[in-house]
>>> print(open('protein_20.txt').read())   # compact mmCIF, N, CA and C atoms
# COMPACT_ATOMS: atom_id res chain seq x y z
N MET C 109 157.37 22.52 198.39
CA MET C 109 158.67 22.94 197.91
C MET C 109 159.24 24.04 198.78
N ASN C 110 158.39 24.97 199.22
CA ASN C 110 158.87 26.04 200.08
C ASN C 110 159.39 25.48 201.41
N ARG C 111 158.76 24.46 201.88
CA ARG C 111 159.17 23.83 203.14
C ARG C 111 160.54 23.18 202.98
N ALA C 112 160.83 22.59 201.86
CA ALA C 112 162.12 21.93 201.62
C ALA C 112 163.26 22.93 201.70
N THR C 113 163.04 24.12 201.19
CA THR C 113 164.07 25.15 201.22
C THR C 113 164.38 25.54 202.66
N SER C 114 163.36 25.71 203.47
CA SER C 114 163.59 26.09 204.87
C SER C 114 164.24 24.94 205.65
N VAL C 115 163.86 23.71 205.35
CA VAL C 115 164.47 22.55 206.01
C VAL C 115 165.95 22.47 205.65
N LEU C 116 166.26 22.66 204.39
CA LEU C 116 167.68 22.62 203.96
C LEU C 116 168.48 23.76 204.59
N ALA C 117 167.90 24.92 204.70
CA ALA C 117 168.59 26.06 205.33
C ALA C 117 168.86 25.75 206.80
N GLU C 118 167.86 25.17 207.47
CA GLU C 118 168.04 24.80 208.88
C GLU C 118 169.11 23.73 209.01
N TRP C 119 169.10 22.76 208.12
CA TRP C 119 170.11 21.69 208.12
C TRP C 119 171.51 22.28 207.94
N ASP C 120 171.67 23.19 207.00
CA ASP C 120 172.97 23.82 206.76
C ASP C 120 173.46 24.58 208.00
N SER C 121 172.55 25.28 208.65
CA SER C 121 172.97 26.03 209.84
C SER C 121 173.37 25.09 210.97
N ARG C 122 172.68 23.98 211.11
CA ARG C 122 173.04 23.00 212.14
C ARG C 122 174.37 22.32 211.82
N VAL C 123 174.60 22.04 210.57
CA VAL C 123 175.86 21.41 210.17
C VAL C 123 177.02 22.37 210.42
N ASP C 124 176.81 23.66 210.13
CA ASP C 124 177.85 24.66 210.37
C ASP C 124 178.16 24.79 211.85
N GLU C 125 177.21 24.53 212.72
CA GLU C 125 177.38 24.67 214.15
C GLU C 125 177.68 23.35 214.85
N SER C 126 177.93 22.30 214.11
CA SER C 126 178.14 20.99 214.73
C SER C 126 179.46 20.95 215.50
N PRO C 127 179.55 20.09 216.49
CA PRO C 127 180.79 19.96 217.25
C PRO C 127 181.98 19.55 216.38
N ALA C 128 181.72 18.72 215.40
CA ALA C 128 182.80 18.29 214.51
C ALA C 128 183.35 19.46 213.70
N THR C 129 182.46 20.33 213.24
CA THR C 129 182.88 21.50 212.47
C THR C 129 183.65 22.47 213.37
N ALA C 130 183.18 22.66 214.59
CA ALA C 130 183.87 23.54 215.53
C ALA C 130 185.25 22.99 215.86
N LEU C 131 185.35 21.69 216.07
CA LEU C 131 186.63 21.06 216.35
C LEU C 131 187.58 21.18 215.16
N ASP C 132 187.03 20.99 213.97
CA ASP C 132 187.84 21.13 212.76
C ASP C 132 188.36 22.55 212.62
N ARG C 133 187.51 23.52 212.88
CA ARG C 133 187.91 24.93 212.81
C ARG C 133 189.01 25.22 213.84
N GLN C 134 188.83 24.69 215.05
CA GLN C 134 189.82 24.89 216.11
C GLN C 134 191.16 24.26 215.72
N HIS C 135 191.13 23.07 215.14
CA HIS C 135 192.36 22.40 214.71
C HIS C 135 193.07 23.20 213.62
N ARG C 136 192.29 23.74 212.70
CA ARG C 136 192.90 24.54 211.63
C ARG C 136 193.56 25.80 212.19
N GLU C 137 192.91 26.45 213.16
CA GLU C 137 193.49 27.64 213.79
C GLU C 137 194.78 27.29 214.54
N GLU C 138 194.76 26.17 215.29
CA GLU C 138 195.95 25.74 216.01
C GLU C 138 197.08 25.39 215.05
N LEU C 139 196.73 24.72 213.97
CA LEU C 139 197.73 24.34 212.98
C LEU C 139 198.34 25.58 212.33
N SER C 140 197.52 26.56 212.04
CA SER C 140 198.02 27.80 211.47
C SER C 140 198.95 28.50 212.45
N GLU C 141 198.58 28.52 213.73
CA GLU C 141 199.42 29.13 214.76
C GLU C 141 200.76 28.41 214.90
N VAL C 142 200.73 27.09 214.90
CA VAL C 142 201.95 26.29 215.03
C VAL C 142 202.85 26.49 213.81
N ARG C 143 202.24 26.57 212.63
CA ARG C 143 203.04 26.81 211.42
C ARG C 143 203.72 28.18 211.49
N GLY C 144 203.01 29.18 212.00
CA GLY C 144 203.61 30.51 212.16
C GLY C 144 204.79 30.48 213.13
N LYS C 145 204.62 29.77 214.25
CA LYS C 145 205.72 29.64 215.22
C LYS C 145 206.91 28.91 214.60
N LEU C 146 206.63 27.86 213.84
CA LEU C 146 207.69 27.11 213.18
C LEU C 146 208.44 27.99 212.18
N ARG C 147 207.71 28.77 211.41
CA ARG C 147 208.32 29.69 210.45
C ARG C 147 209.24 30.69 211.16
N LYS C 148 208.74 31.23 212.27
CA LYS C 148 209.52 32.19 213.05
C LYS C 148 210.77 31.53 213.64
N SER C 149 210.63 30.32 214.16
CA SER C 149 211.77 29.59 214.72
C SER C 149 212.81 29.29 213.66
N ARG C 150 212.37 28.91 212.48
CA ARG C 150 213.32 28.63 211.40
C ARG C 150 214.07 29.89 210.99
N GLN C 151 213.38 31.02 210.97
CA GLN C 151 214.03 32.28 210.63
C GLN C 151 215.08 32.64 211.69
N GLU C 152 214.73 32.45 212.96
CA GLU C 152 215.69 32.72 214.03
C GLU C 152 216.89 31.79 213.92
N CYS C 153 216.64 30.52 213.58
CA CYS C 153 217.74 29.56 213.40
C CYS C 153 218.67 30.00 212.27
N ARG C 154 218.09 30.46 211.17
CA ARG C 154 218.92 30.94 210.05
C ARG C 154 219.77 32.13 210.48
N GLN C 155 219.18 33.06 211.23
CA GLN C 155 219.94 34.22 211.70
C GLN C 155 221.07 33.80 212.64
N LEU C 156 220.77 32.87 213.55
CA LEU C 156 221.81 32.39 214.46
C LEU C 156 222.91 31.65 213.70
N GLN C 157 222.53 30.86 212.70
CA GLN C 157 223.53 30.15 211.91
C GLN C 157 224.41 31.13 211.15
N ASP C 158 223.83 32.20 210.63
CA ASP C 158 224.61 33.24 209.96
C ASP C 158 225.60 33.88 210.92
N GLN C 159 225.17 34.13 212.15
CA GLN C 159 226.06 34.71 213.15
C GLN C 159 227.19 33.75 213.51
N VAL C 160 226.87 32.47 213.63
CA VAL C 160 227.90 31.47 213.93
C VAL C 160 228.90 31.38 212.78
N ASP C 161 228.40 31.40 211.55
CA ASP C 161 229.30 31.36 210.39
C ASP C 161 230.22 32.57 210.35
N ALA C 162 229.67 33.74 210.67
CA ALA C 162 230.48 34.97 210.69
C ALA C 162 231.54 34.87 211.79
N ALA C 163 231.16 34.38 212.96
CA ALA C 163 232.12 34.24 214.06
C ALA C 163 233.22 33.24 213.69
N ALA C 164 232.86 32.14 213.04
CA ALA C 164 233.85 31.16 212.64
C ALA C 164 234.83 31.75 211.62
N THR C 165 234.33 32.58 210.73
CA THR C 165 235.20 33.24 209.74
C THR C 165 236.18 34.17 210.43
N VAL C 166 235.69 34.96 211.39
CA VAL C 166 236.56 35.89 212.12
C VAL C 166 237.60 35.12 212.93
N ILE C 167 237.18 34.07 213.60
CA ILE C 167 238.11 33.27 214.40
C ILE C 167 239.19 32.65 213.52
N THR C 168 238.81 32.14 212.36
CA THR C 168 239.78 31.55 211.44
C THR C 168 240.78 32.60 210.98
N ALA C 169 240.30 33.79 210.66
CA ALA C 169 241.20 34.86 210.23
C ALA C 169 242.15 35.26 211.36
N LEU C 170 241.64 35.36 212.58
CA LEU C 170 242.49 35.71 213.71
C LEU C 170 243.53 34.63 213.99
N LEU C 171 243.15 33.38 213.87
CA LEU C 171 244.12 32.29 214.07
C LEU C 171 245.23 32.34 213.01
N ALA C 172 244.85 32.63 211.77
CA ALA C 172 245.85 32.73 210.70
C ALA C 172 246.79 33.91 210.96
N GLU C 173 246.25 35.04 211.38
CA GLU C 173 247.10 36.20 211.70
C GLU C 173 248.01 35.90 212.88
N ASN C 174 247.50 35.23 213.88
CA ASN C 174 248.29 34.88 215.06
C ASN C 174 249.44 33.96 214.66
N ALA C 175 249.16 32.98 213.83
CA ALA C 175 250.22 32.06 213.38
C ALA C 175 251.27 32.82 212.57
N ALA C 176 250.83 33.77 211.75
CA ALA C 176 251.78 34.56 210.96
C ALA C 176 252.64 35.43 211.87
N PHE C 177 252.08 36.01 212.89
CA PHE C 177 252.84 36.84 213.84
C PHE C 177 253.85 35.99 214.62
N ARG C 178 253.48 34.77 214.95
CA ARG C 178 254.39 33.89 215.69
C ARG C 178 255.58 33.47 214.83
N GLU C 179 255.39 33.35 213.54
CA GLU C 179 256.48 32.95 212.64
C GLU C 179 257.44 34.10 212.39
N GLN C 180 257.00 35.33 212.46
CA GLN C 180 257.85 36.49 212.15
C GLN C 180 259.07 36.57 213.05
N PRO C 181 258.98 36.51 214.36
CA PRO C 181 260.19 36.61 215.19
C PRO C 181 261.16 35.45 214.94
N ALA C 182 260.67 34.30 214.59
CA ALA C 182 261.54 33.16 214.34
C ALA C 182 262.38 33.38 213.09
N LYS C 183 261.91 34.14 212.13
CA LYS C 183 262.63 34.38 210.89
C LYS C 183 263.68 35.47 211.05
N ARG C 184 263.46 36.42 211.94
CA ARG C 184 264.40 37.53 212.13
C ARG C 184 265.25 37.29 213.36
N SER C 185 266.40 37.87 213.36
CA SER C 185 267.23 37.79 214.55
C SER C 185 266.75 38.85 215.53
N ALA C 186 266.96 38.59 216.79
CA ALA C 186 266.51 39.52 217.81
C ALA C 186 267.47 40.69 217.87
N VAL C 187 266.99 41.87 217.56
CA VAL C 187 267.79 43.08 217.60
C VAL C 187 267.13 44.03 218.59
N VAL C 188 267.92 44.49 219.54
CA VAL C 188 267.42 45.43 220.53
C VAL C 188 267.87 46.81 220.11
N ILE C 189 266.92 47.71 219.97
CA ILE C 189 267.24 49.08 219.60
C ILE C 189 267.11 49.94 220.85
N PRO C 190 268.22 50.54 221.29
CA PRO C 190 268.14 51.35 222.51
C PRO C 190 267.37 52.63 222.26
N LEU C 191 266.65 53.06 223.27
CA LEU C 191 265.88 54.30 223.18
C LEU C 191 266.79 55.49 223.48
N ASP C 192 266.53 56.59 222.85
CA ASP C 192 267.30 57.80 223.08
C ASP C 192 266.80 58.44 224.35
N ARG C 193 267.61 58.44 225.40
CA ARG C 193 267.19 58.94 226.71
C ARG C 193 267.59 60.39 226.92
N THR C 194 268.20 61.00 225.95
CA THR C 194 268.60 62.39 226.14
C THR C 194 267.42 63.32 226.16
N ASN C 195 266.37 62.98 225.46
CA ASN C 195 265.18 63.84 225.39
C ASN C 195 264.11 63.45 226.40
N ALA C 196 264.39 62.49 227.26
CA ALA C 196 263.41 62.03 228.23
C ALA C 196 263.19 63.07 229.31
N ILE C 197 262.00 63.15 229.83
CA ILE C 197 261.68 64.11 230.89
C ILE C 197 262.20 63.55 232.21
N ARG C 198 262.93 64.38 232.93
CA ARG C 198 263.48 63.94 234.21
C ARG C 198 262.63 64.50 235.34
N GLU C 199 262.44 63.70 236.30
CA GLU C 199 261.62 64.13 237.44
C GLU C 199 262.46 64.59 238.57
>>> encode(input="protein_20.txt", output="structure tokens")
Amino acid sequence: MNRATSVLAEWDSRVDESPATALDRQHREELSEVRGKLRKSRQECRQLQDQVDAAATVITALLAENAAFREQPAKRSAVVIPLDRTNAIRE
């Protein structure tokens, strides 16, 4: 019975050191690394998408303001107001 315990312990140590177990461990480490990179890439994508959305909002607001400014002169008549040149500095 004592011999069976030592044989089983030796068997367990050999199974833990088998090439298949080492390969499985390596695959799990690589998979964990790739998942971390994917998580980081997705976070960067979200940040970039937020920046694009913010830029689109600003551009839309600027286009609306530009269109409003272009309509203003069309609604008013062109009036030229002369500047008062009496107070101008003469050289």
>>> atom_distance(input="protein_20.txt", atom1="atom C of Arg150 (chain C)", atom2="atom N of Ala164 (chain C)")
19.0 Å
>>> select_by_dssp(input="protein_20.txt", residues="chain C", states="helix (DSSP H, G or I)", output="number ranges by chain")
C: 110-124, 127-183
>>> axis_aligned_box(input="protein_20.txt", around="region 110-127 of chain C", padding_each_side="5 Å", output="lines of an AutoDock Vina configuration file")
center_x = 170.2
center_y = 22.8
center_z = 208.2
size_x = 33.6
size_y = 16.5
size_z = 28.0
